[in-house]
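Taking it in order: structure first as structure tokens, then the write-up.
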Amino acid sequence: MQYTWTEIEQHIEACTRCPLGQTRKRPVMGRGNHQAQIMLIAEAPGGQEDQQGIPFVGSSGEILDRLLHDCGLTREEIYITNILKCHPPGNRDPKEEEKEACIPYLKCETLLLKPKIIVCLGRVAAQRIILPDFKITRQHGTWIYRKNCALTATYHPSAILRDPSKYEVVKRDFCEIAQKQAGL
Ligand code: URA
């Protein structure tokens, strides 16, 4: 059984599968182009996203938009989502049971979108989606292939906020992603 985008959103709105449903202000469903070839997956909504119910609207979102722009991509042509749809208080790492409770929503989004390229933003997403012991420092920018999809990971934009010298490294990864899409 495959849910529609609207049905997935309705399930997320009403979700009580983990305690974050009680503490979040607004759930944050993925957003973007439903025909996109590129799906970005980050870890969990931050404080601003919790207020607005939209992924990457805070300071990480500004960096993300700059990265996309510098590599000739726009938000309108990608789909962006998170492993968790609800904000973990204090921006702590998602707990194992929260990730497991929420992952069916990501599976539904992926089944509907059928992306050709999946990009994990940061360690938490890379370890859940690509490999449990994925090392973002050593393995960012590498590719694996599953079914009809190429998967890669790079640093989360918030890592650039903490260390601006990472911008160029992440930009290189993003530009490779853009090239990969151009060659599809
Ligand atoms: N950080 C994330 O991981 N996801 C968002 O949606 C915003 C910030």
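If you're wondering about the labels, chains in the structure tokens are A, B, ... by order shown, residues count from 1 in each chain, ligands from 1 in order shown.
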
Contacts of chain A with ligand 1 up to 12 Å, shortest pair per row, only C-alpha atoms and all ligand atoms, as a tab-separated table:
residue	atom	partner	partner_atom_place_in_ligand_line	distance
A:Arg26	CA	ligand 1	6 (O)	12.0
A:Pro27	CA	ligand 1	6 (O)	10.5
A:Val28	CA	ligand 1	6 (O)	7.4
A:Met29	CA	ligand 1	6 (O)	9.1
A:Gly30	CA	ligand 1	6 (O)	8.4
A:Arg31	CA	ligand 1	6 (O)	9.7
A:Leu40	CA	ligand 1	4 (N)	10.0
A:Ile41	CA	ligand 1	3 (O)	8.0
A:Ala42	CA	ligand 1	3 (O)	4.4
A:Glu43	CA	ligand 1	3 (O)	4.2
A:Ala44	CA	ligand 1	3 (O)	4.4
A:Pro45	CA	ligand 1	6 (O)	3.9
A:Gly46	CA	ligand 1	8 (C)	4.7
A:Gly47	CA	ligand 1	7 (C)	8.0
A:Gln48	CA	ligand 1	7 (C)	7.7
A:Glu49	CA	ligand 1	6 (O)	6.0
A:Asp50	CA	ligand 1	6 (O)	8.6
A:Gln51	CA	ligand 1	6 (O)	11.2
A:Gln52	CA	ligand 1	6 (O)	10.4
A:Gly53	CA	ligand 1	6 (O)	9.0
A:Ile54	CA	ligand 1	6 (O)	7.0
A:Pro55	CA	ligand 1	6 (O)	3.6
A:Phe56	CA	ligand 1	7 (C)	4.0
A:Val57	CA	ligand 1	7 (C)	6.8
A:Gly58	CA	ligand 1	7 (C)	6.7
A:Ser59	CA	ligand 1	8 (C)	7.9
A:Ser60	CA	ligand 1	8 (C)	5.6
A:Gly61	CA	ligand 1	7 (C)	6.6
A:Glu62	CA	ligand 1	8 (C)	10.1
A:Ile63	CA	ligand 1	8 (C)	10.4
A:Leu64	CA	ligand 1	8 (C)	9.6
A:Tyr79	CA	ligand 1	6 (O)	11.7
A:Ile80	CA	ligand 1	6 (O)	8.1
A:Thr81	CA	ligand 1	6 (O)	6.7
A:Asn82	CA	ligand 1	4 (N)	5.8
A:Ile83	CA	ligand 1	3 (O)	8.3
A:Leu84	CA	ligand 1	4 (N)	8.6
A:Lys85	CA	ligand 1	6 (O)	8.5
A:Cys86	CA	ligand 1	6 (O)	9.4
A:His87	CA	ligand 1	4 (N)	8.7
A:Pro88	CA	ligand 1	3 (O)	10.5
A:Asn91	CA	ligand 1	1 (N)	8.8
A:Arg92	CA	ligand 1	3 (O)	10.9
A:Asp93	CA	ligand 1	3 (O)	9.9
A:Pro94	CA	ligand 1	3 (O)	10.2
A:Cys120	CA	ligand 1	3 (O)	9.9
A:Leu121	CA	ligand 1	3 (O)	7.4
A:Gly122	CA	ligand 1	3 (O)	7.9
A:Arg123	CA	ligand 1	3 (O)	10.3
A:Val124	CA	ligand 1	3 (O)	9.0
A:Ala125	CA	ligand 1	3 (O)	8.6
A:Ala126	CA	ligand 1	3 (O)	11.8
A:Tyr155	CA	ligand 1	3 (O)	10.7
A:His156	CA	ligand 1	3 (O)	7.1
A:Pro157	CA	ligand 1	1 (N)	7.7
A:Ser158	CA	ligand 1	1 (N)	7.1
A:Ala159	CA	ligand 1	1 (N)	10.3
A:Leu161	CA	ligand 1	8 (C)	11.5

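Of the listed residues A:Ala101, A:Cys18, A:Leu112, A:Ile118, the one whose atoms come nearest to Ala178 of chain A is A:Ile118, with distances taken using only C-alpha atoms.
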
What are the DSSP alpha helix (DSSP H) residues of segment 58-121 of chain A, as a tab-separated table (two decimals) with N, CA and C atoms, in the first residue's frame?
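Heads up, here's the output in result.tsv:
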chain	number	residue	atom	x	y	z
A	59	SER	N	19.25	29.23	10.26
A	59	SER	CA	20.59	29.60	9.77
A	59	SER	C	21.22	28.48	8.94
A	60	SER	N	20.95	27.21	9.27
A	60	SER	CA	21.47	26.11	8.42
A	60	SER	C	20.85	26.20	7.03
A	61	GLY	N	19.61	26.64	6.97
A	61	GLY	CA	18.92	26.77	5.68
A	61	GLY	C	19.57	27.83	4.80
A	62	GLU	N	20.05	28.92	5.44
A	62	GLU	CA	20.72	29.97	4.65
A	62	GLU	C	21.99	29.43	4.02
A	63	ILE	N	22.74	28.65	4.79
A	63	ILE	CA	23.97	28.04	4.25
A	63	ILE	C	23.62	27.07	3.13
A	64	LEU	N	22.59	26.28	3.37
A	64	LEU	CA	22.17	25.30	2.36
A	64	LEU	C	21.83	26.01	1.04
A	65	ASP	N	21.08	27.10	1.13
A	65	ASP	CA	20.70	27.83	-0.09
A	65	ASP	C	21.94	28.36	-0.81
A	66	ARG	N	22.93	28.82	-0.05
A	66	ARG	CA	24.17	29.33	-0.66
A	66	ARG	C	24.91	28.21	-1.38
A	67	LEU	N	24.97	27.05	-0.72
A	67	LEU	CA	25.65	25.89	-1.34
A	67	LEU	C	24.96	25.49	-2.65
A	68	LEU	N	23.64	25.41	-2.58
A	68	LEU	CA	22.88	25.02	-3.78
A	68	LEU	C	23.14	26.03	-4.90
A	69	HIS	N	23.04	27.31	-4.56
A	69	HIS	CA	23.22	28.37	-5.54
A	69	HIS	C	24.62	28.30	-6.17
A	70	ASP	N	25.64	28.09	-5.34
A	70	ASP	CA	27.02	28.05	-5.84
A	70	ASP	C	27.27	26.88	-6.77
A	96	GLU	N	17.68	6.50	19.41
A	96	GLU	CA	17.48	5.34	18.54
A	96	GLU	C	15.98	5.06	18.33
A	97	GLU	N	15.22	5.09	19.45
A	97	GLU	CA	13.79	4.73	19.34
A	97	GLU	C	13.00	5.81	18.59
A	98	GLU	N	13.48	7.05	18.63
A	98	GLU	CA	12.81	8.11	17.85
A	98	GLU	C	13.05	7.89	16.36
A	99	LYS	N	14.29	7.53	16.03
A	99	LYS	CA	14.60	7.28	14.61
A	99	LYS	C	13.77	6.10	14.09
A	100	GLU	N	13.70	5.04	14.89
A	100	GLU	CA	12.94	3.86	14.43
A	100	GLU	C	11.45	4.17	14.30
A	101	ALA	N	10.94	4.98	15.22
A	101	ALA	CA	9.51	5.34	15.15
A	101	ALA	C	9.22	6.17	13.90
A	102	CYS	N	10.18	6.98	13.49
A	102	CYS	CA	9.93	7.96	12.42
A	102	CYS	C	10.30	7.44	11.03
A	103	ILE	N	11.14	6.42	10.96
A	103	ILE	CA	11.70	6.00	9.67
A	103	ILE	C	10.61	5.57	8.66
A	104	PRO	N	9.48	5.02	9.09
A	104	PRO	CA	8.47	4.65	8.09
A	104	PRO	C	8.02	5.85	7.25
A	105	TYR	N	8.01	7.04	7.84
A	105	TYR	CA	7.61	8.23	7.06
A	105	TYR	C	8.62	8.52	5.96
A	106	LEU	N	9.90	8.37	6.30
A	106	LEU	CA	10.96	8.60	5.30
A	106	LEU	C	10.85	7.55	4.19
A	107	LYS	N	10.51	6.31	4.60
A	107	LYS	CA	10.36	5.25	3.58
A	107	LYS	C	9.22	5.61	2.63
A	108	CYS	N	8.12	6.10	3.20
A	108	CYS	CA	6.98	6.49	2.35
A	108	CYS	C	7.37	7.62	1.40
A	109	GLU	N	8.10	8.61	1.93
A	109	GLU	CA	8.53	9.73	1.08
A	109	GLU	C	9.42	9.21	-0.06
A	110	THR	N	10.34	8.29	0.28
A	110	THR	CA	11.29	7.79	-0.72
A	110	THR	C	10.57	6.96	-1.78
A	111	LEU	N	9.60	6.15	-1.34
A	111	LEU	CA	8.84	5.33	-2.29
A	111	LEU	C	8.08	6.19	-3.29
A	112	LEU	N	7.55	7.31	-2.81
A	112	LEU	CA	6.79	8.19	-3.69
A	112	LEU	C	7.71	8.98	-4.62
A	113	LEU	N	8.80	9.50	-4.06
A	113	LEU	CA	9.68	10.37	-4.84
A	113	LEU	C	10.49	9.59	-5.87

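Shortest atom-to-atom contact with Lys95 of chain A among A:Gln139, A:Pro19, A:Asn148, A:Ala153: A:Pro19, counting only C-alpha atoms.
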
Exercise. Enumerate as a PyMOL selection string all residues of segment 27-182 of chain A assigned to strand (DSSP E or B) by DSSP on the backbone, naming them with the chain letters and numbers the document uses.
Key: chain A and resi 31-32+38-42+78-82+117-121+144-146+149-154

Grab the residues selected above and save them as a PDB file, in the first residue's frame with N, CA and C atoms.
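Output below, filename again19.pdb:
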ATOM      1  N   ARG A  31       9.881  18.833   2.153  1.00  0.00           N
ATOM      2  CA  ARG A  31       9.369  19.843   1.219  1.00  0.00           C
ATOM      3  C   ARG A  31      10.150  19.839  -0.066  1.00  0.00           C
ATOM      4  N   GLY A  32       9.532  20.290  -1.097  1.00  0.00           N
ATOM      5  CA  GLY A  32      10.272  20.486  -2.337  1.00  0.00           C
ATOM      6  C   GLY A  32       9.535  19.909  -3.515  1.00  0.00           C
ATOM      7  N   ILE A  38      16.895  14.604  -6.904  1.00  0.00           N
ATOM      8  CA  ILE A  38      17.783  14.662  -5.739  1.00  0.00           C
ATOM      9  C   ILE A  38      16.958  14.799  -4.456  1.00  0.00           C
ATOM     10  N   MET A  39      17.220  13.883  -3.501  1.00  0.00           N
ATOM     11  CA  MET A  39      16.580  13.951  -2.180  1.00  0.00           C
ATOM     12  C   MET A  39      17.671  14.210  -1.137  1.00  0.00           C
ATOM     13  N   LEU A  40      17.544  15.290  -0.396  1.00  0.00           N
ATOM     14  CA  LEU A  40      18.466  15.561   0.709  1.00  0.00           C
ATOM     15  C   LEU A  40      17.811  15.081   2.001  1.00  0.00           C
ATOM     16  N   ILE A  41      18.600  14.384   2.825  1.00  0.00           N
ATOM     17  CA  ILE A  41      18.072  13.883   4.097  1.00  0.00           C
ATOM     18  C   ILE A  41      18.981  14.365   5.225  1.00  0.00           C
ATOM     19  N   ALA A  42      18.414  15.158   6.141  1.00  0.00           N
ATOM     20  CA  ALA A  42      19.177  15.616   7.306  1.00  0.00           C
ATOM     21  C   ALA A  42      18.651  14.889   8.541  1.00  0.00           C
ATOM     22  N   ILE A  78      14.864  20.339  -5.845  1.00  0.00           N
ATOM     23  CA  ILE A  78      15.232  19.212  -4.984  1.00  0.00           C
ATOM     24  C   ILE A  78      14.082  18.933  -3.999  1.00  0.00           C
ATOM     25  N   TYR A  79      14.214  17.819  -3.293  1.00  0.00           N
ATOM     26  CA  TYR A  79      13.289  17.512  -2.190  1.00  0.00           C
ATOM     27  C   TYR A  79      14.144  17.368  -0.944  1.00  0.00           C
ATOM     28  N   ILE A  80      13.725  18.006   0.136  1.00  0.00           N
ATOM     29  CA  ILE A  80      14.531  17.964   1.357  1.00  0.00           C
ATOM     30  C   ILE A  80      13.693  17.522   2.547  1.00  0.00           C
ATOM     31  N   THR A  81      14.269  16.591   3.306  1.00  0.00           N
ATOM     32  CA  THR A  81      13.529  16.056   4.441  1.00  0.00           C
ATOM     33  C   THR A  81      14.490  15.685   5.568  1.00  0.00           C
ATOM     34  N   ASN A  82      13.945  15.178   6.649  1.00  0.00           N
ATOM     35  CA  ASN A  82      14.742  14.781   7.813  1.00  0.00           C
ATOM     36  C   ASN A  82      14.382  13.358   8.228  1.00  0.00           C
ATOM     37  N   ILE A 117      19.213  10.287  -6.741  1.00  0.00           N
ATOM     38  CA  ILE A 117      20.370  10.652  -5.917  1.00  0.00           C
ATOM     39  C   ILE A 117      19.876  10.971  -4.502  1.00  0.00           C
ATOM     40  N   ILE A 118      20.477  10.309  -3.514  1.00  0.00           N
ATOM     41  CA  ILE A 118      20.156  10.625  -2.112  1.00  0.00           C
ATOM     42  C   ILE A 118      21.411  11.201  -1.463  1.00  0.00           C
ATOM     43  N   VAL A 119      21.246  12.353  -0.833  1.00  0.00           N
ATOM     44  CA  VAL A 119      22.366  13.027  -0.173  1.00  0.00           C
ATOM     45  C   VAL A 119      22.065  13.122   1.318  1.00  0.00           C
ATOM     46  N   CYS A 120      22.876  12.461   2.130  1.00  0.00           N
ATOM     47  CA  CYS A 120      22.705  12.554   3.580  1.00  0.00           C
ATOM     48  C   CYS A 120      23.508  13.745   4.082  1.00  0.00           C
ATOM     49  N   LEU A 121      22.857  14.594   4.854  1.00  0.00           N
ATOM     50  CA  LEU A 121      23.538  15.767   5.410  1.00  0.00           C
ATOM     51  C   LEU A 121      23.908  15.463   6.856  1.00  0.00           C
ATOM     52  N   ILE A 144      27.811   5.310  -3.025  1.00  0.00           N
ATOM     53  CA  ILE A 144      27.444   3.902  -3.135  1.00  0.00           C
ATOM     54  C   ILE A 144      26.167   3.839  -3.992  1.00  0.00           C
ATOM     55  N   TYR A 145      25.885   2.652  -4.494  1.00  0.00           N
ATOM     56  CA  TYR A 145      24.729   2.518  -5.391  1.00  0.00           C
ATOM     57  C   TYR A 145      23.809   1.438  -4.858  1.00  0.00           C
ATOM     58  N   ARG A 146      22.526   1.795  -4.753  1.00  0.00           N
ATOM     59  CA  ARG A 146      21.519   0.837  -4.280  1.00  0.00           C
ATOM     60  C   ARG A 146      20.348   0.883  -5.236  1.00  0.00           C
ATOM     61  N   CYS A 149      19.645   3.953  -7.433  1.00  0.00           N
ATOM     62  CA  CYS A 149      19.877   5.218  -6.743  1.00  0.00           C
ATOM     63  C   CYS A 149      21.342   5.335  -6.297  1.00  0.00           C
ATOM     64  N   ALA A 150      21.918   6.520  -6.490  1.00  0.00           N
ATOM     65  CA  ALA A 150      23.279   6.808  -6.012  1.00  0.00           C
ATOM     66  C   ALA A 150      23.169   7.537  -4.677  1.00  0.00           C
ATOM     67  N   LEU A 151      23.930   7.056  -3.697  1.00  0.00           N
ATOM     68  CA  LEU A 151      23.852   7.675  -2.356  1.00  0.00           C
ATOM     69  C   LEU A 151      25.210   8.242  -1.956  1.00  0.00           C
ATOM     70  N   THR A 152      25.172   9.418  -1.351  1.00  0.00           N
ATOM     71  CA  THR A 152      26.385  10.032  -0.846  1.00  0.00           C
ATOM     72  C   THR A 152      26.045  10.803   0.433  1.00  0.00           C
ATOM     73  N   ALA A 153      27.090  11.328   1.069  1.00  0.00           N
ATOM     74  CA  ALA A 153      26.866  12.150   2.273  1.00  0.00           C
ATOM     75  C   ALA A 153      27.883  13.271   2.295  1.00  0.00           C
ATOM     76  N   THR A 154      27.505  14.347   2.929  1.00  0.00           N
ATOM     77  CA  THR A 154      28.449  15.418   3.187  1.00  0.00           C
ATOM     78  C   THR A 154      28.157  15.987   4.578  1.00  0.00           C
TER      79      THR A 154
END

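Note that atom CA of Ala182 of chain A and atom CA of Gly141 of chain A are 16.7 Å apart.
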
Practice problem: To one decimal in Å, tell me the separation between atom CA of Pro89 of chain A and atom CA of Gln22 of chain A. | Solution: 10.9 Å

Exercise. For atom CA of Arg17 of chain A and atom CA of Ala36 of chain A, quote the distance in Å rounded to one decimal.
Key: 28.3 Å
